[in-house]
file query05.txt (compact mmCIF, C-alpha atoms and all ligand atoms)
# COMPACT_ATOMS: atom_id res chain seq x y z
CA MET A 1 80.57 21.52 37.02
CA GLN A 2 84.16 20.93 36.02
CA GLY A 3 87.47 21.29 37.82
CA SER A 4 90.90 21.10 36.22
CA PRO A 5 91.70 17.77 34.62
CA SER A 6 94.43 15.87 36.45
CA LYS A 7 97.22 13.76 35.09
CA LYS A 8 96.83 9.97 35.09
CA MET A 9 97.91 8.71 38.49
CA SER A 10 100.60 6.11 38.93
CA THR A 11 99.52 2.86 40.57
CA ALA A 12 102.77 3.01 42.56
CA GLN A 13 101.23 5.97 44.39
CA LYS A 14 99.82 5.25 47.85
CA ARG A 15 96.70 6.65 49.47
CA ILE A 16 95.35 7.29 52.96
CA ALA A 17 92.26 5.36 54.06
CA ILE A 18 90.31 4.16 57.09
CA ARG A 19 90.58 0.38 57.12
CA ILE A 20 89.23 -2.36 59.34
CA VAL A 21 92.04 -3.91 61.37
CA SER A 22 89.93 -6.50 63.16
CA SER A 23 86.33 -6.82 64.25
CA GLY A 24 85.33 -3.58 66.05
CA ILE A 25 88.58 -1.74 65.23
CA ALA A 26 89.33 0.58 62.30
CA GLU A 27 92.29 2.94 61.86
CA ILE A 28 93.75 5.42 59.42
CA GLN A 29 96.50 3.90 57.31
CA SER A 30 98.74 5.87 54.98
CA ASN A 31 100.35 3.20 52.84
CA VAL A 32 97.23 1.88 51.14
CA THR A 33 97.46 0.62 47.56
CA PHE A 34 96.06 2.90 44.88
CA PRO A 35 92.79 1.48 43.41
CA ARG A 36 93.16 -0.60 40.28
CA SER A 37 91.51 0.55 37.07
CA ARG A 38 88.14 -1.16 36.42
CA SER A 39 86.15 -0.70 33.21
CA ASP A 40 82.94 0.67 34.79
CA TYR A 41 84.50 2.51 37.75
CA ILE A 42 85.93 5.97 38.19
CA ILE A 43 88.82 6.96 40.45
CA ALA A 44 88.38 10.25 42.29
CA LYS A 45 89.98 12.56 44.83
CA THR A 46 87.59 13.00 47.74
CA LYS A 47 86.43 16.35 49.12
CA ALA A 48 83.87 15.33 51.76
CA PHE A 49 82.34 12.30 53.51
CA ALA A 50 79.00 11.71 55.24
CA LEU A 51 78.60 9.26 58.11
CA ASN A 52 76.05 6.45 58.29
CA ALA A 53 75.23 3.87 60.96
CA ALA A 54 76.26 1.35 58.30
CA ASP A 55 79.90 2.49 58.62
CA ASN A 56 79.98 1.26 62.22
CA HIS A 57 78.22 -1.97 61.21
CA GLN A 58 81.00 -2.48 58.66
CA ILE A 59 83.65 -2.09 61.39
CA ASP A 60 81.83 -4.24 63.95
CA VAL A 61 80.26 -7.07 61.96
CA LEU A 62 79.87 -6.81 58.22
CA GLY A 63 83.28 -5.79 56.89
CA GLY A 64 86.33 -7.88 56.23
CA SER A 65 89.74 -7.10 57.80
CA GLY A 66 91.76 -4.85 55.52
CA SER A 67 88.71 -3.41 53.79
CA ILE A 68 88.20 0.35 53.55
CA ILE A 69 85.02 1.53 55.26
CA GLY A 70 82.55 4.25 54.32
CA CYS A 71 79.78 4.77 51.77
CA ASP A 72 78.92 8.45 51.25
CA TRP A 73 81.41 10.77 49.58
CA SER A 74 81.95 13.61 47.09
CA GLY A 75 85.01 14.72 45.16
CA VAL A 76 86.71 15.30 41.81
CA VAL A 77 87.19 12.64 39.11
CA LEU A 78 90.82 11.75 38.37
CA GLU A 79 90.49 8.80 35.98
CA VAL A 80 87.69 6.84 34.30
CA GLY A 81 87.50 3.18 33.27
CA GLU A 82 87.30 2.26 29.59
CA ASN A 83 83.50 1.73 29.57
CA VAL A 84 82.63 4.87 31.54
CA THR A 85 80.63 7.30 29.40
CA GLU A 86 79.16 9.80 31.88
CA PHE A 87 82.31 11.18 33.49
CA LYS A 88 85.70 12.62 32.65
CA PRO A 89 88.65 13.79 34.72
CA GLY A 90 87.89 17.05 36.51
CA ASP A 91 84.14 16.44 36.97
CA TYR A 92 82.72 17.27 40.42
CA VAL A 93 80.80 14.25 41.67
CA TYR A 94 79.17 12.48 44.61
CA GLY A 95 78.06 8.93 45.16
CA LEU A 96 77.89 5.67 47.05
CA CYS A 97 80.78 3.27 47.61
CA HIS A 98 80.43 -0.21 49.03
CA GLY A 99 82.49 0.18 52.20
CA GLY A 100 83.71 -2.79 54.24
CA ASN A 101 83.48 -4.94 51.12
CA SER A 102 85.32 -8.16 51.89
CA ILE A 103 85.38 -9.17 48.20
CA GLU A 104 86.60 -5.77 46.96
CA PRO A 105 88.39 -4.35 50.03
CA GLU A 106 89.60 -1.28 48.10
CA ASP A 107 86.04 0.00 47.51
CA GLY A 108 85.21 2.08 50.65
CA ALA A 109 84.67 5.85 50.61
CA PHE A 110 86.75 6.97 53.60
CA ALA A 111 90.01 7.62 51.77
CA ASP A 112 91.76 10.51 50.04
CA ILE A 113 91.39 8.64 46.74
CA VAL A 114 88.34 6.42 46.05
CA THR A 115 87.07 4.11 43.35
CA SER A 116 83.34 4.32 42.67
CA LYS A 117 81.04 2.52 40.23
CA GLU A 118 79.75 4.77 37.42
CA SER A 119 76.14 3.69 38.06
CA LEU A 120 76.38 4.89 41.68
CA THR A 121 78.13 8.20 40.96
CA MET A 122 76.41 11.48 40.02
CA HIS A 123 77.50 14.94 38.90
CA LYS A 124 77.40 17.54 41.65
CA PRO A 125 75.35 20.61 40.75
CA GLU A 126 77.11 23.92 41.33
CA PHE A 127 74.56 25.07 43.91
CA LEU A 128 75.39 22.20 46.28
CA SER A 129 78.54 22.26 48.40
CA PHE A 130 80.74 19.15 48.41
CA GLN A 131 79.57 18.58 52.00
CA GLU A 132 75.88 18.68 51.05
CA ALA A 133 76.44 16.46 48.02
CA ALA A 134 78.33 13.91 50.12
CA SER A 135 75.15 13.28 52.12
CA LEU A 136 73.07 12.12 49.14
CA GLY A 137 74.55 8.91 47.70
CA VAL A 138 73.32 6.32 50.21
CA GLY A 139 69.86 7.85 50.58
CA LEU A 140 69.25 8.10 46.84
CA ALA A 141 70.38 4.53 46.21
CA THR A 142 68.47 3.07 49.18
CA ILE A 143 65.17 4.81 48.45
CA GLY A 144 65.49 4.45 44.67
CA GLN A 145 65.98 0.73 45.25
CA ALA A 146 63.01 0.53 47.65
CA LEU A 147 60.46 2.47 45.59
CA TYR A 148 61.34 1.64 42.01
CA TRP A 149 63.18 -1.69 42.11
CA VAL A 150 61.74 -3.65 45.02
CA MET A 151 58.23 -2.14 44.96
CA ASN A 152 58.29 -1.47 41.22
CA LEU A 153 56.48 1.86 41.56
CA PRO A 154 56.49 4.16 38.52
CA LEU A 155 59.69 6.15 38.09
CA PRO A 156 59.32 9.95 38.29
CA PHE A 157 60.38 10.44 34.65
CA PRO A 158 58.78 9.58 32.34
CA LYS A 159 55.44 9.64 34.15
CA ILE A 160 53.71 6.32 33.67
CA PRO A 161 49.93 6.39 34.11
CA VAL A 162 48.59 4.08 36.80
CA ASN A 163 44.89 3.28 36.94
CA SER A 164 44.40 2.32 40.56
CA GLY A 165 44.72 4.68 43.49
CA PRO A 166 47.40 3.19 45.70
CA THR A 167 48.70 4.95 48.79
CA LEU A 168 52.23 5.11 50.17
CA LEU A 169 53.36 5.71 53.74
CA ILE A 170 56.92 6.69 54.66
CA TYR A 171 57.62 5.75 58.28
CA GLY A 172 60.48 7.67 59.96
CA GLY A 173 60.22 10.76 57.81
CA SER A 174 62.76 12.73 59.88
CA SER A 175 65.62 10.38 58.99
CA LEU A 176 67.85 11.13 56.01
CA THR A 177 66.38 8.26 54.03
CA GLY A 178 62.90 9.37 55.13
CA THR A 179 63.34 12.93 53.84
CA ILE A 180 64.55 11.62 50.47
CA ALA A 181 61.67 9.13 50.36
CA ILE A 182 59.10 11.86 51.03
CA GLN A 183 60.50 14.07 48.27
CA LEU A 184 60.44 11.15 45.80
CA ALA A 185 56.95 10.09 46.91
CA LYS A 186 55.69 13.58 46.00
CA LEU A 187 56.81 12.91 42.42
CA LEU A 188 54.69 9.78 42.05
CA PRO A 189 51.85 10.12 39.51
CA ASP A 190 48.80 12.06 40.62
CA CYS A 191 46.70 8.91 40.80
CA PHE A 192 48.52 8.22 44.09
CA GLU A 193 46.08 9.57 46.63
CA ARG A 194 47.56 12.16 49.00
CA VAL A 195 46.66 11.05 52.49
CA ASN A 196 47.67 13.11 55.45
CA GLU A 197 45.98 11.04 58.09
CA ILE A 198 46.39 7.39 58.85
CA GLY A 199 43.02 5.79 58.36
CA ALA A 200 43.16 5.43 54.62
CA SER A 201 44.03 1.94 53.46
CA ILE A 202 47.79 2.02 52.86
CA THR A 203 49.07 -0.08 49.96
CA TYR A 204 52.83 0.56 50.21
CA ILE A 205 55.02 1.35 53.21
CA VAL A 206 58.71 2.23 53.25
CA ASP A 207 59.88 1.91 56.85
CA CYS A 208 63.02 4.01 57.31
CA ILE A 209 63.39 2.93 60.96
CA GLY A 210 62.78 -0.83 60.90
CA SER A 211 62.31 -1.23 64.64
CA GLU A 212 59.79 -3.48 66.40
CA GLU A 213 57.72 -0.41 67.23
CA SER A 214 57.70 0.92 63.66
CA SER A 215 56.92 -2.44 62.12
CA ILE A 216 54.03 -3.13 64.54
CA PHE A 217 52.56 0.24 63.62
CA CYS A 218 53.06 -0.48 59.90
CA SER A 219 51.52 -3.95 60.18
CA LYS A 220 48.35 -2.34 61.55
CA VAL A 221 47.97 0.39 58.93
CA LEU A 222 48.91 -1.66 55.85
CA SER A 223 45.81 -2.60 53.90
CA PRO A 224 44.21 -5.75 55.41
CA THR A 225 43.60 -7.08 51.91
CA GLY A 226 47.28 -6.98 50.97
CA GLY A 227 50.06 -4.51 50.42
CA HIS A 228 53.82 -4.19 50.40
CA TYR A 229 55.93 -3.33 53.46
CA HIS A 230 59.61 -2.61 52.85
CA SER A 231 62.01 -2.04 55.74
CA ILE A 232 65.31 -0.45 54.74
CA LYS A 233 66.76 -1.83 57.96
CA ALA A 234 67.65 -5.51 57.78
CA PRO A 235 66.75 -8.05 58.98
CA LEU A 236 63.01 -7.63 58.65
CA PRO A 237 61.49 -7.22 62.11
CA LYS A 238 60.09 -10.63 63.12
CA VAL A 239 56.99 -9.07 64.62
CA PHE A 240 55.89 -7.81 61.23
CA LYS A 241 55.88 -11.28 59.71
CA GLU A 242 54.12 -12.68 62.78
CA SER A 243 51.28 -10.19 62.59
CA ARG A 244 51.10 -10.09 58.79
CA PRO A 245 51.72 -13.56 57.35
CA GLU A 246 52.84 -13.81 53.72
CA LYS A 247 49.36 -14.21 52.29
CA THR A 248 48.23 -10.87 53.72
CA ALA A 249 51.28 -8.73 52.93
CA VAL A 250 54.50 -8.73 50.97
CA ALA A 251 57.41 -7.89 53.29
CA THR A 252 60.87 -7.07 51.95
CA THR A 253 64.20 -5.59 52.89
CA ALA A 254 67.31 -4.90 50.78
CA PHE A 255 70.83 -3.55 51.04
CA ALA A 256 71.80 -0.60 48.86
CA TYR A 257 75.05 -2.49 48.19
CA SER A 258 73.02 -4.74 45.82
CA MET A 259 72.67 -1.74 43.50
CA THR A 260 76.26 -2.39 42.37
CA GLY A 261 74.86 -5.53 40.69
CA GLU A 262 77.93 -7.34 42.02
CA ARG A 263 78.34 -10.31 44.35
CA PHE A 264 79.12 -9.50 47.98
CA GLU A 265 79.34 -11.29 51.31
CA PHE A 266 78.70 -10.66 54.97
CA PRO A 267 79.91 -13.16 57.56
CA GLY A 268 77.72 -16.23 57.03
CA MET A 269 75.73 -14.65 54.18
CA GLU A 270 76.28 -14.54 50.44
CA PHE A 271 74.57 -12.22 47.97
CA ALA A 272 74.73 -13.33 44.35
CA ALA A 273 75.49 -10.85 41.58
CA ASP A 274 72.25 -9.21 40.40
CA VAL A 275 72.94 -7.97 36.89
CA ALA A 276 69.37 -6.74 36.36
CA GLN A 277 69.52 -4.63 39.52
CA GLY A 278 72.89 -3.26 38.40
CA GLN A 279 71.26 -2.17 35.12
CA PHE A 280 68.36 -0.61 37.02
CA ALA A 281 70.91 1.34 39.10
CA LYS A 282 72.29 2.86 35.89
CA LYS A 283 68.83 4.02 34.87
CA TRP A 284 68.11 5.35 38.37
CA ARG A 285 71.49 7.17 38.38
CA ASP A 286 70.40 9.31 35.43
CA ILE A 287 67.03 10.12 37.02
CA ALA A 288 68.38 10.78 40.51
CA GLU A 289 71.11 13.07 39.15
CA ASP A 290 68.47 15.03 37.24
CA LEU A 291 66.11 15.29 40.23
CA VAL A 292 68.89 16.69 42.41
CA ALA A 293 70.05 19.09 39.65
CA LYS A 294 66.45 20.36 39.31
CA ARG A 295 66.18 20.74 43.11
CA LYS A 296 63.31 18.26 43.22
CA VAL A 297 65.31 16.27 45.77
CA GLN A 298 67.18 18.37 48.31
CA PRO A 299 69.74 17.17 50.83
CA HIS A 300 68.89 16.45 54.45
CA PRO A 301 70.19 19.18 56.81
CA ILE A 302 73.90 18.60 57.44
CA LEU A 303 76.26 19.23 60.34
CA ALA A 304 79.45 20.17 58.45
CA ARG A 305 82.69 19.48 60.27
CA GLU A 306 86.38 19.93 59.58
CA GLY A 307 88.97 17.38 60.60
CA GLY A 308 89.36 15.08 57.63
CA LEU A 309 89.63 11.34 58.09
CA HIS A 310 90.68 11.69 61.77
CA GLY A 311 87.44 13.57 62.33
CA VAL A 312 85.51 10.80 60.62
CA LEU A 313 86.73 8.30 63.22
CA ASP A 314 85.63 10.64 66.03
CA GLY A 315 82.26 11.16 64.34
CA LEU A 316 81.71 7.42 64.01
CA ASN A 317 82.26 7.02 67.75
CA GLU A 318 79.84 9.86 68.39
CA ILE A 319 77.01 8.31 66.35
CA ARG A 320 77.48 4.99 68.14
CA ASN A 321 76.04 6.66 71.22
CA GLN A 322 73.59 9.14 69.75
CA ALA A 323 73.06 10.29 66.17
CA PRO A 324 72.31 14.04 65.98
CA ARG A 325 68.59 14.70 65.60
CA GLY A 326 67.43 15.41 62.09
CA HIS A 327 70.95 16.01 60.71
CA LYS A 328 73.65 14.14 58.82
CA ILE A 329 77.24 14.56 60.06
CA VAL A 330 79.57 15.44 57.19
CA TYR A 331 83.36 15.90 57.21
CA SER A 332 85.54 17.80 54.76
CA ARG A 333 88.74 16.05 53.79
CA ASP A 334 91.98 17.79 54.81
CA SER A 335 93.48 19.20 51.65
N1 LIG B 401 69.16 -0.88 53.40
C1 LIG B 401 70.20 -0.10 53.31
O1 LIG B 401 71.10 -0.30 52.50
C2 LIG B 401 70.26 1.11 54.22
C3 LIG B 401 70.80 2.29 53.75
C4 LIG B 401 70.79 3.41 54.57
C5 LIG B 401 70.28 3.31 55.87
N2 LIG B 401 69.80 2.13 56.30
C6 LIG B 401 69.26 2.01 57.66
O2 LIG B 401 68.11 2.82 57.72
C7 LIG B 401 67.97 3.43 58.98
C8 LIG B 401 67.83 4.92 58.80
O3 LIG B 401 69.01 5.45 58.25
P1 LIG B 401 69.18 7.01 58.05
O4 LIG B 401 70.54 7.26 57.52
O5 LIG B 401 68.03 7.53 57.30
O6 LIG B 401 69.14 7.48 59.56
P2 LIG B 401 69.29 8.93 60.20
O7 LIG B 401 69.20 10.01 59.20
O8 LIG B 401 70.43 8.88 61.12
O9 LIG B 401 67.90 8.95 60.95
C9 LIG B 401 67.70 8.60 62.20
C10 LIG B 401 66.54 9.52 62.57
O10 LIG B 401 65.35 8.77 62.52
C11 LIG B 401 64.55 9.18 63.60
N3 LIG B 401 64.18 8.00 64.37
C12 LIG B 401 64.99 7.19 65.04
N4 LIG B 401 64.28 6.21 65.64
C13 LIG B 401 63.00 6.45 65.32
C14 LIG B 401 61.79 5.81 65.63
N5 LIG B 401 61.78 4.71 66.40
N6 LIG B 401 60.65 6.29 65.11
C15 LIG B 401 60.67 7.37 64.32
N7 LIG B 401 61.80 8.05 64.01
C16 LIG B 401 62.94 7.59 64.50
C17 LIG B 401 65.33 10.08 64.47
O11 LIG B 401 64.78 11.34 64.26
P3 LIG B 401 64.39 12.27 65.53
O12 LIG B 401 65.70 12.66 66.12
O13 LIG B 401 63.63 13.38 64.90
O14 LIG B 401 63.57 11.43 66.46
C18 LIG B 401 66.74 10.04 63.94
O15 LIG B 401 67.30 11.34 63.87
C19 LIG B 401 69.21 3.01 59.80
O16 LIG B 401 68.85 1.90 60.57
C20 LIG B 401 70.19 2.58 58.73
O17 LIG B 401 71.11 1.63 59.20
C21 LIG B 401 69.75 1.03 55.51

call {"tool": "encode", "arguments": {"input": "query05.txt", "output": "structure tokens"}}
result
Amino acid sequence: MQGSPSKKMSTAQKRIAIRIVSSGIAEIQSNVTFPRSRSDYIIAKTKAFALNAADNHQIDVLGGSGSIIGCDWSGVVLEVGENVTEFKPGDYVYGLCHGGNSIEPEDGAFADIVTSKESLTMHKPEFLSFQEAASLGVGLATIGQALYWVMNLPLPFPKIPVNSGPTLLIYGGSSLTGTIAIQLAKLLPDCFERVNEIGASITYIVDCIGSEESSIFCSKVLSPTGGHYHSIKAPLPKVFKESRPEKTAVATTAFAYSMTGERFEFPGMEFAADVAQGQFAKKWRDIAEDLVAKRKVQPHPILAREGGLHGVLDGLNEIRNQAPRGHKIVYSRDS
């Protein structure tokens, strides 16, 4: 889907963004520097944003002062870097930005103009609204990373034959990441047994909750002779490792931010650049875009709200207390 191409923007132009002022405090600022041009990044005008618990973690703990927060967005491409091949100005897109990035503070999604890595940006199909599309970026990256990078399960296309009959459990299926995981799990090759009742020996588990309760449950149902448990919530719950020592189960967690392939930091923690994962993200981008375009992966139900970036700040406060059940809060940007 194409919009009208825009003129190249001047770097003297300023933008509006939600930035971290200090730990626990973020505000809207209107004099924020325009993103610089990077060879494998696009620059886009945003249309909608989706909220994640991670946005509040960025404000409270993970993000650096001055960094723009937010991950999930959709909008219209304005400019593309010199190595970008998949996009051109005017394309309607959605994706994942690394918000609260202390190394690249300009990278967050909650702004009128964003910069987004090509490998984490996808074309929006016409049948999805900008609000619906904005809810997909984080979930697709997180579950794509869990199933096909960390667990190395066969990608949906092309179908790779597998000889054994492994089983996969998605814990927390009513979460956004859980609904995406279930839809992707249905595309695994037929040799994956379909089990509707716990009792079968589970070989793989993606835990979309990552609480003590969920991990205790998962530790009990994961095959006693080995298996792989992946919690999308970090750190890995201690109780899992206590009940399932390394020799009886592989246990992993990962941040979707690693899909950029770039180095990043949290206070007291460093994550080295992972070029191979960055290349995997490019491959997954093509597949994920196709799955959404073919309606094989549908968005989680959304609660669409008006109010632009001011609304986003209100919404972030709301989800600190209680996230809405079974829905993703999405805001349209003020035009
Ligand atoms: N690794 C990463 O990079 C990454 C990326 C995205 C998210 N995450 C993390 O993954 C988790 C899920 O994120 P999300 O965006 O998918 O969340 P979400 O859509 O807000 O899902 C939360 C839902 O999960 C259900 N739930 C909550 N606690 C539960 C429990 N103990 N057992 C079963 N279901 C429970 C609730 O559904 P009901 O209302 O129906 O009970 C709630 O609506 C969060 O902790 C998030 O921080 C990590």

call {"tool": "closest_residue", "arguments": {"input": "query05.txt", "among": "A:Ile18, A:Leu62, A:Ile209, A:Leu169", "to": "ligand LIG 401 (chain B)", "atoms": "only C-alpha atoms and all ligand atoms"}}
result
A:Ile209

call {"tool": "atom_distance", "arguments": {"input": "query05.txt", "atom1": "atom O8 of ligand LIG 401 (chain B)", "atom2": "atom CA of Lys117 of chain A"}}
result
24.3 Å

call {"tool": "residues_near_ligand", "arguments": {"input": "query05.txt", "ligand": "ligand LIG 401 (chain B)", "cutoff": "7 Å", "atoms": "all atoms listed in the file", "output": "ChimeraX atom specification"}}
result
/A:52-54,138-139,142,171-178,208-211,213-214,232-234,253-257,323-328

call {"tool": "residues_around", "arguments": {"input": "query05.txt", "residues": "segment 237-245 of chain A", "least_positions_apart": "5", "cutoff": "8 Å", "atoms": "only C-alpha atoms", "output": "PyMOL selection string"}}
result
chain A and resi 210-212+215-216+218-219+251

call {"tool": "closest_residue", "arguments": {"input": "query05.txt", "among": "A:Ile69, A:Met259, A:Ala48, A:Met269", "to": "Val21 of chain A", "atoms": "only C-alpha atoms"}}
result
A:Ile69

call {"tool": "closest_residue", "arguments": {"input": "query05.txt", "among": "A:Leu303, A:Pro235, A:Ser119, A:Thr167", "to": "Phe280 of chain A", "atoms": "only C-alpha atoms"}}
result
A:Ser119
